[in-house]
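Have a look at run.txt below; it lists compact mmCIF, C-alpha atoms.
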```txt
# COMPACT_ATOMS: atom_id res chain seq x y z
CA MET A 233 0.06 -20.27 16.25
CA PHE A 234 0.25 -23.96 15.37
CA VAL A 235 3.68 -24.39 16.99
CA VAL A 236 2.67 -22.55 20.17
CA LEU A 237 -0.46 -24.67 20.61
CA VAL A 238 1.48 -27.90 20.02
CA LEU A 239 4.04 -26.93 22.67
CA LEU A 240 1.38 -25.95 25.17
CA GLY A 241 -0.57 -29.14 24.54
CA THR A 242 2.54 -31.30 24.85
CA TYR A 243 3.58 -29.98 28.25
CA SER A 244 0.11 -29.33 29.72
CA VAL A 245 -0.70 -30.82 33.13
CA PRO A 246 -2.94 -32.76 33.25
CA THR A 247 -2.52 -34.08 29.72
CA PHE A 248 -4.60 -32.49 27.02
CA ARG A 249 -6.55 -35.73 26.43
CA GLU A 250 -7.47 -35.94 30.10
CA TYR A 251 -8.47 -32.27 30.19
CA MET A 252 -10.57 -32.71 27.06
CA GLY A 253 -12.34 -35.70 28.59
CA ALA A 254 -13.18 -33.71 31.73
CA LYS A 255 -14.08 -30.29 30.24
CA GLY A 256 -14.62 -30.77 26.49
CA PRO A 257 -13.12 -27.35 25.56
CA THR A 258 -12.85 -27.99 21.84
CA ARG A 259 -16.60 -27.97 21.31
CA TYR A 260 -16.94 -24.43 22.66
CA VAL A 261 -13.78 -23.13 21.01
CA PHE A 262 -14.64 -24.42 17.55
CA GLN A 263 -18.25 -23.32 17.86
CA ALA A 264 -16.89 -19.82 18.39
CA PHE A 265 -14.65 -20.30 15.33
CA ILE A 266 -17.68 -21.21 13.22
CA GLY A 267 -19.62 -18.13 14.28
CA ALA A 268 -16.64 -15.83 13.79
CA LEU A 269 -15.91 -17.23 10.33
CA ILE A 270 -19.45 -16.77 9.06
CA THR A 271 -19.76 -13.29 10.55
CA GLY A 272 -16.30 -12.20 9.41
CA VAL A 273 -16.75 -13.31 5.83
CA THR A 274 -20.16 -11.65 5.62
CA LEU A 275 -18.81 -8.33 6.95
CA VAL A 276 -15.71 -8.29 4.74
CA VAL A 277 -17.62 -9.11 1.58
CA SER A 278 -20.29 -6.51 2.44
CA ILE A 279 -17.71 -3.78 3.06
CA SER A 280 -15.89 -4.66 -0.16
CA LEU A 281 -19.10 -4.48 -2.13
CA VAL A 282 -19.92 -1.07 -0.66
CA VAL A 283 -16.50 0.27 -1.64
CA LEU A 284 -16.63 -1.30 -5.09
CA SER A 285 -20.15 0.05 -5.63
CA GLN A 286 -18.46 3.36 -6.45
CA GLU A 287 -17.62 1.75 -9.79
CA PHE A 288 -21.31 1.49 -10.60
CA GLY A 289 -23.15 4.47 -11.99
CA PRO A 290 -25.16 5.87 -14.88
CA LEU A 291 -23.63 6.67 -18.23
CA GLY A 292 -23.23 10.36 -17.42
CA GLU A 293 -21.06 9.68 -14.38
CA GLN A 294 -18.95 7.21 -16.31
CA ARG A 295 -18.50 9.77 -19.06
CA ASP A 296 -17.41 12.40 -16.53
CA ARG A 297 -14.86 9.96 -15.10
CA MET A 298 -13.56 9.28 -18.58
CA SER A 299 -13.35 12.99 -19.38
CA GLY A 300 -11.48 13.70 -16.18
CA SER A 301 -9.00 10.92 -16.84
CA MET A 302 -8.42 12.00 -20.44
CA GLY A 303 -8.09 15.64 -19.40
CA PHE A 304 -5.46 14.84 -16.80
CA ARG A 305 -3.51 12.76 -19.30
CA ALA A 306 -3.69 15.58 -21.84
CA ASP A 307 -2.27 18.03 -19.30
CA VAL A 308 0.55 15.63 -18.42
CA GLU A 309 1.33 14.97 -22.08
CA ASP A 310 1.75 18.71 -22.60
CA ILE A 311 4.81 18.59 -20.38
CA PHE A 312 5.97 15.25 -21.80
CA ASN A 313 5.63 16.44 -25.40
CA ALA A 314 4.68 12.82 -26.11
CA SER A 315 2.01 10.24 -25.33
CA SER A 316 1.96 9.11 -21.72
CA PRO A 317 2.44 5.40 -20.89
CA PRO A 318 -0.79 3.46 -20.24
CA GLU A 319 0.62 1.28 -17.42
CA PRO A 320 0.39 2.90 -13.94
CA ASN A 321 3.97 2.04 -12.96
CA ASP A 322 5.37 3.36 -16.26
CA PHE A 323 3.22 6.48 -15.97
CA LEU A 324 4.61 7.27 -12.52
CA ARG A 325 8.11 6.44 -13.70
CA ALA A 326 7.74 8.83 -16.64
CA LEU A 327 6.59 11.59 -14.29
CA VAL A 328 9.51 11.01 -11.94
CA GLU A 329 12.05 11.02 -14.75
CA ASN A 330 10.46 14.15 -16.20
CA THR A 331 10.90 16.01 -12.91
CA SER A 332 14.57 15.05 -13.06
CA GLU A 333 14.79 16.45 -16.60
CA LYS A 334 13.04 19.67 -15.58
CA ALA A 335 15.42 20.08 -12.64
CA GLU A 336 18.40 19.60 -14.94
CA ALA A 337 17.01 22.18 -17.39
CA LEU A 338 16.57 24.62 -14.50
CA GLU A 339 20.15 24.08 -13.38
CA GLN A 340 21.46 24.73 -16.90
CA ALA A 341 19.40 27.92 -17.19
CA VAL A 342 20.82 29.48 -14.04
CA ASN A 343 23.29 32.25 -14.77
CA ASP A 344 26.32 33.10 -12.69
CA GLU A 345 24.96 36.35 -11.33
CA ASN A 346 23.58 35.00 -8.05
CA GLU A 347 25.75 32.43 -6.32
CA ASP A 348 23.21 31.68 -3.56
CA PHE A 349 20.52 30.85 -6.09
CA ARG A 350 22.86 28.63 -8.09
CA GLU A 351 23.93 26.73 -4.99
CA ALA A 352 20.31 26.23 -3.88
CA VAL A 353 19.30 24.98 -7.34
CA GLU A 354 22.23 22.56 -7.39
CA GLN A 355 21.15 21.13 -4.05
CA LEU A 356 17.56 20.76 -5.21
CA THR A 357 18.62 19.19 -8.50
CA THR A 358 20.89 16.70 -6.75
CA ASP A 359 18.09 15.68 -4.40
CA ILE A 360 15.63 15.22 -7.27
CA HIS A 361 18.13 13.23 -9.33
CA ASP A 362 19.04 10.89 -6.47
CA ASN A 363 15.44 10.28 -5.43
CA ALA A 364 14.21 9.88 -9.02
CA ASP A 365 16.91 7.32 -9.85
CA VAL A 366 15.94 5.13 -6.88
CA VAL A 367 12.19 5.35 -7.53
CA SER A 368 12.56 4.84 -11.28
CA GLU A 369 14.58 1.69 -10.70
CA GLU A 370 11.97 0.36 -8.24
CA LEU A 371 9.16 0.97 -10.74
CA GLU A 372 10.90 -0.67 -13.67
CA ASP A 373 9.31 -3.92 -14.94
CA ARG A 374 6.66 -4.00 -12.20
CA ASP A 375 3.07 -5.16 -12.61
CA PHE A 376 0.15 -3.22 -11.20
CA GLY A 377 -1.33 -4.87 -8.13
CA GLU A 378 2.06 -5.49 -6.57
CA TYR A 379 2.81 -3.65 -3.34
CA THR A 380 6.23 -2.68 -4.76
CA VAL A 381 4.55 -0.25 -7.17
CA VAL A 382 2.80 1.64 -4.37
CA LYS A 383 5.89 1.47 -2.15
CA ALA A 384 8.03 3.01 -4.89
CA ALA A 385 5.42 5.74 -5.43
CA LEU A 386 5.52 6.57 -1.72
CA ASP A 387 9.31 6.79 -1.76
CA TYR A 388 9.24 9.89 -3.96
CA ASN A 389 8.86 12.81 -1.55
CA TYR A 390 7.35 15.22 -4.05
CA SER A 391 5.75 17.36 -1.31
CA TRP A 392 9.14 18.37 0.06
CA LYS A 393 10.42 19.11 -3.43
CA ILE A 394 7.43 21.34 -4.19
CA HIS A 395 8.04 23.21 -0.94
CA GLN A 396 11.71 23.76 -1.75
CA ALA A 397 10.99 24.82 -5.35
CA ARG A 398 8.35 27.32 -4.21
CA ARG A 399 10.74 28.59 -1.57
CA LEU A 400 13.28 29.22 -4.32
CA GLN A 401 10.65 31.08 -6.31
CA ASP A 402 9.72 33.32 -3.37
CA ASN A 403 13.26 34.07 -2.18
CA PHE A 404 14.88 34.72 -5.56
CA ASN A 405 12.02 35.87 -7.78
CA ASP A 406 13.50 39.36 -8.11
CA VAL A 407 16.98 38.23 -9.16
CA ILE A 408 16.28 35.51 -11.74
CA ASP A 409 15.53 36.13 -15.41
CA ARG A 410 12.35 35.20 -17.24
CA ASP A 411 13.71 31.98 -18.78
CA THR A 412 14.92 30.67 -15.42
CA ARG A 413 11.62 31.61 -13.79
CA ARG A 414 9.72 29.75 -16.52
CA LYS A 415 11.79 26.60 -15.98
CA LEU A 416 11.28 26.79 -12.23
CA ILE A 417 7.51 27.06 -12.75
CA ASP A 418 7.65 24.07 -15.14
CA LEU A 419 9.38 22.05 -12.43
CA ILE A 420 6.74 22.99 -9.84
CA ASP A 421 3.93 22.14 -12.28
CA THR A 422 5.46 18.75 -13.07
CA LEU A 423 5.87 17.93 -9.39
CA GLY A 424 2.25 19.00 -8.89
CA PHE A 425 1.05 16.37 -11.36
CA TYR A 426 2.68 13.61 -9.33
CA GLY A 427 0.38 14.06 -6.32
CA PRO A 428 -3.00 13.42 -8.00
CA ALA A 429 -1.46 10.70 -10.19
CA ARG A 430 -0.18 8.87 -7.13
CA GLU A 431 -3.50 9.26 -5.31
CA HIS A 432 -5.44 7.90 -8.28
CA ILE A 433 -3.15 4.90 -8.62
CA LYS A 434 -3.33 4.35 -4.85
CA THR A 435 -7.13 4.31 -5.09
CA LEU A 436 -7.01 1.76 -7.91
CA TYR A 437 -4.60 -0.33 -5.83
CA PHE A 438 -6.96 -0.25 -2.84
CA GLN A 439 -9.87 -1.40 -4.99
CA TRP A 440 -7.68 -4.13 -6.47
CA GLN A 441 -6.68 -5.26 -2.97
CA LEU A 442 -10.28 -5.27 -1.73
CA VAL A 443 -11.22 -7.60 -4.57
CA ASP A 444 -8.31 -9.89 -3.67
CA LEU A 445 -9.27 -9.68 -0.01
CA SER A 446 -12.87 -10.72 -0.65
CA ARG A 447 -11.81 -13.54 -2.93
CA GLY A 448 -9.12 -14.73 -0.53
CA MET A 449 -11.50 -14.67 2.42
CA LEU A 450 -13.97 -16.82 0.52
CA TYR A 451 -11.27 -19.27 -0.57
CA LEU A 452 -9.84 -19.61 2.96
CA SER A 453 -13.11 -19.59 4.86
CA THR A 454 -14.61 -22.57 3.07
CA PRO A 455 -11.98 -25.14 4.15
CA ALA A 456 -11.65 -23.42 7.54
CA LEU A 457 -15.40 -23.75 8.10
CA VAL A 458 -15.34 -27.42 7.10
CA VAL A 459 -12.43 -28.22 9.44
CA THR A 460 -13.78 -26.33 12.45
CA THR A 461 -17.28 -27.76 11.99
CA ALA A 462 -15.91 -31.31 11.74
CA ILE A 463 -13.86 -30.89 14.91
CA ALA A 464 -16.78 -29.32 16.82
CA LEU A 465 -19.14 -32.14 15.80
CA PHE A 466 -17.04 -35.28 15.74
CA LEU A 467 -13.87 -34.89 17.81
CA ALA A 468 -14.02 -36.89 21.05
CA PRO A 469 -11.48 -37.53 23.84
CA SER A 470 -10.94 -41.03 22.48
CA SER A 471 -10.34 -39.90 18.90
CA PHE A 472 -6.94 -40.43 17.21
CA PRO A 473 -5.25 -42.54 19.89
CA GLY A 474 -1.47 -42.78 20.06
CA THR A 475 1.34 -40.30 19.53
CA PHE A 476 3.40 -38.90 16.67
CA LEU A 477 6.94 -37.63 17.34
CA GLY A 478 6.22 -37.98 21.04
CA VAL A 479 3.17 -35.69 20.89
CA ASP A 480 -0.39 -36.89 21.42
CA ASN A 481 -2.24 -37.11 18.11
CA LEU A 482 -5.15 -35.22 19.66
CA VAL A 483 -2.83 -32.25 20.25
CA TRP A 484 -1.76 -32.29 16.59
CA ILE A 485 -5.36 -32.36 15.36
CA VAL A 486 -6.67 -29.60 17.64
CA SER A 487 -3.65 -27.37 17.01
CA ALA A 488 -3.93 -27.78 13.24
CA GLY A 489 -7.67 -27.14 13.36
CA SER A 490 -7.18 -23.97 15.39
CA ALA A 491 -4.52 -22.69 12.99
CA ILE A 492 -6.68 -23.42 9.94
CA GLY A 493 -9.68 -21.75 11.60
CA SER A 494 -7.57 -18.65 12.24
CA LEU A 495 -6.25 -18.34 8.67
CA PRO A 496 -9.02 -16.01 7.39
CA PHE A 497 -8.52 -13.67 10.36
CA LEU A 498 -4.73 -13.61 9.88
CA PHE A 499 -5.21 -13.04 6.15
CA LEU A 500 -7.55 -10.13 6.87
CA THR A 501 -5.10 -8.69 9.41
CA ALA A 502 -2.25 -8.69 6.89
CA PHE A 503 -4.35 -6.84 4.29
CA ILE A 504 -5.71 -4.26 6.72
CA LEU A 505 -2.28 -3.52 8.19
CA ARG A 506 -0.88 -2.90 4.72
CA LEU A 507 -3.76 -0.68 3.60
CA VAL A 508 -3.92 1.45 6.76
CA THR A 509 -0.14 1.91 6.68
CA ILE A 510 -0.32 3.20 3.11
CA THR A 511 -3.26 5.44 4.02
CA LYS A 512 -1.40 6.97 6.95
CA ARG A 513 1.60 7.75 4.75
CA THR A 514 -0.59 9.46 2.13
CA LEU A 515 -3.08 11.43 4.23
CA ALA A 516 -1.91 14.76 2.82
CA ILE A 517 -1.61 15.74 -0.82
CA GLY A 518 0.51 18.56 -2.17
CA PRO A 519 3.08 20.56 -0.19
CA PHE A 520 2.00 19.25 3.22
CA ILE A 521 4.55 17.08 5.03
CA LEU A 522 3.21 15.04 7.94
CA ARG A 523 6.23 12.78 8.47
CA SER A 524 9.79 13.84 9.18
CA SER A 525 11.07 11.10 6.88
CA GLY A 526 9.36 12.89 3.99
CA ARG A 527 11.98 15.62 4.10
CA SER A 528 15.40 15.76 2.53
CA LYS A 529 17.74 16.73 5.35
CA ASN A 530 20.56 17.76 3.03
CA ILE A 531 18.59 20.72 1.59
CA GLU A 532 18.59 23.55 4.06
CA TRP A 533 19.06 27.23 3.29
CA GLU A 534 17.76 30.52 4.56
```

As structure tokens - that is how I would like this structure written.
Amino acid sequence: MFVVLVLLGTYSVPTFREYMGAKGPTRYVFQAFIGALITGVTLVVSISLVVLSQEFGPLGEQRDRMSGSMGFRADVEDIFNASSPPEPNDFLRALVENTSEKAEALEQAVNDENEDFREAVEQLTTDIHDNADVVSEELEDRDFGEYTVVKAALDYNYSWKIHQARRLQDNFNDVIDRDTRRKLIDLIDTLGFYGPAREHIKTLYFQWQLVDLSRGMLYLSTPALVVTTAIALFLAPSSFPGTFLGVDNLVWIVSAGSAIGSLPFLFLTAFILRLVTITKRTLAIGPFILRSSGRSKNIEWE
């Protein structure tokens, strides 16, 4: 934005200083900046407080939240046969790696009696292994609050894997033995834990980002408000005479002021784009696939 305004101001006809002396556009433009900054900050902080108000509640609600969290962890630890990691990225990584282990156990339990079932299990296991290795590597040594954690969580297409595992269960339920059926159910159950775990961590990430957004808007809006107010009040056509690098100093000042005044809006735009993109990719939970990229093309059987 700064570069574009400098170029336009440099090659404007008549010159920007002459146009400013005749029309005085900066006063109106920066008055609009001031109003937009105050209104924008107020709205963003208000919305953030409304969302974060979900964290407030009586003791009974907090206890129910705690019980739900502990209950979910207990269910997950039943399949881990160990304590689950406390960090969100390590928790997701442990779930992903456990699905890979369950898939491998299923493949080892398959007997040689049904070749179609064995081939389908091998395809499913290969897909789970490949996807789990990539996601596990992306989650390693990451700190919560980073976008990379959520991105890695989205890269694991658990919905498609649940669909394929359930399809195996329906198509070959009459030809597989009890041990193989039990391991297939274990795989489906483990994949089923990934969905609510990812949604919970996504919710925590959104709340984390809203806090950063409110804080960032306040940090950026204060200097932006000072700069835009100063330009609206004190900048005159005769201010800052001379040129720098062949460009009128007035063009430099107005362009810089406009860019600084726009920073909170651009900051807000970046956050909203990221959050709505994540939301669109995670609208469905469980075996519902809304995007074609959520499928594994190499697993197809009748």

Residue contacts of Phe376 (chain A) (9 Å, all atoms listed in the file) excluding same-chain residues fewer than 4 positions away, as JSON, numbers by chain: {"A": [319, 320, 321, 380, 381, 382, 437]}

Close residues, Leu356 (chain A) itself excluded, 9 Å, all atoms listed in the file, min 2 positions apart in chain, as a ChimeraX atom specification: /A:335,351-354,358-361,393,396-397,531

Shortest interatomic distance to Ala264 (chain A) - which of A:Ala464, A:Ile311, A:Met449, A:Leu400, counting only C-alpha atoms: A:Ala464

For Glu336 (chain A): contacts at 12 Å, all atoms listed in the file, fewer than 2 positions along chain excluded, given as number ranges by chain: A: 329-334, 338-342, 353-361, 412, 415-416, 418-419

Separation of CA of Asp310 (chain A) from CA of His395 (chain A) in Å: 23.0 Å

Selection: 10 Å around Val459 (chain A), all atoms listed in the file, excl. self and same-chain fewer than 2 positions, as a VMD selection string: chain A and resid 262 266 453 to 457 461 to 464 488 to 490 492 to 493

Selection above as a file: C-alpha atoms, as a short mmCIF file (atom, residue, chain, number, x, y, z; two decimals), in the frame of the given file:
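out.cif, written as the output of this step:
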```cif
data_model
loop_
_atom_site.label_atom_id
_atom_site.label_comp_id
_atom_site.auth_asym_id
_atom_site.auth_seq_id
_atom_site.Cartn_x
_atom_site.Cartn_y
_atom_site.Cartn_z
CA PHE A 262 -14.64 -24.42 17.55
CA ILE A 266 -17.68 -21.21 13.22
CA SER A 453 -13.11 -19.59 4.86
CA THR A 454 -14.61 -22.57 3.07
CA PRO A 455 -11.98 -25.14 4.15
CA ALA A 456 -11.65 -23.42 7.54
CA LEU A 457 -15.40 -23.75 8.10
CA THR A 461 -17.28 -27.76 11.99
CA ALA A 462 -15.91 -31.31 11.74
CA ILE A 463 -13.86 -30.89 14.91
CA ALA A 464 -16.78 -29.32 16.82
CA ALA A 488 -3.93 -27.78 13.24
CA GLY A 489 -7.67 -27.14 13.36
CA SER A 490 -7.18 -23.97 15.39
CA ILE A 492 -6.68 -23.42 9.94
CA GLY A 493 -9.68 -21.75 11.60
#
```

Å distance separating CA of Gly478 (chain A) from CA of Tyr260 (chain A), one decimal place: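 Value for the CA of Gly478 (chain A)-CA of Tyr260 (chain A) distance: 26.9 Å.
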
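Reported to one decimal place, the separation of CA of Gly427 (chain A) from CA of Asn363 (chain A) is 15.6 Å.
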
In the coordinate frame of the file, compute which residues have an atom within 9 Å of (-14.4, -14.9, 6.0) when using all atoms listed in the file, and state them as a CSV table (one decimal) with C-alpha atoms, in the coordinates of the input.
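After the write, selection.csv holds the following:
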```
chain,number,residue,atom,x,y,z
A,268,ALA,CA,-16.6,-15.8,13.8
A,269,LEU,CA,-15.9,-17.2,10.3
A,270,ILE,CA,-19.4,-16.8,9.1
A,271,THR,CA,-19.8,-13.3,10.6
A,272,GLY,CA,-16.3,-12.2,9.4
A,273,VAL,CA,-16.8,-13.3,5.8
A,274,THR,CA,-20.2,-11.6,5.6
A,275,LEU,CA,-18.8,-8.3,7.0
A,276,VAL,CA,-15.7,-8.3,4.7
A,277,VAL,CA,-17.6,-9.1,1.6
A,446,SER,CA,-12.9,-10.7,-0.6
A,448,GLY,CA,-9.1,-14.7,-0.5
A,449,MET,CA,-11.5,-14.7,2.4
A,450,LEU,CA,-14.0,-16.8,0.5
A,451,TYR,CA,-11.3,-19.3,-0.6
A,452,LEU,CA,-9.8,-19.6,3.0
A,453,SER,CA,-13.1,-19.6,4.9
A,454,THR,CA,-14.6,-22.6,3.1
A,496,PRO,CA,-9.0,-16.0,7.4
A,497,PHE,CA,-8.5,-13.7,10.4
A,500,LEU,CA,-7.6,-10.1,6.9
```

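Using only C-alpha atoms for every distance, the candidate list A:Thr242, A:Asn403, A:Thr258, A:Ser299 yields A:Thr258 as the residue closest to Pro469 (chain A).
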
Val479 (chain A) environment, 10 Å, all atoms listed in the file, sequence neighbours closer than 2 positions dropped, as a PyMOL selection string: chain A and resi 238-239+241-243+474-477+481-484

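Counting only C-alpha atoms, the residue from A:Leu281, A:Ala385, A:Leu505, A:Leu327 that sits nearest to Val443 (chain A) is A:Leu281.
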
For region 435-454 of chain A, what centre and edge lengths in Å (one decimal) does the axis-aligned box get once 8 Å is added on each side of all its listed atoms, as JSON?
```
{"center_x": -9.6, "center_y": -9.1, "center_z": -1.5, "size_x": 26.0, "size_y": 42.9, "size_z": 28.8}
```
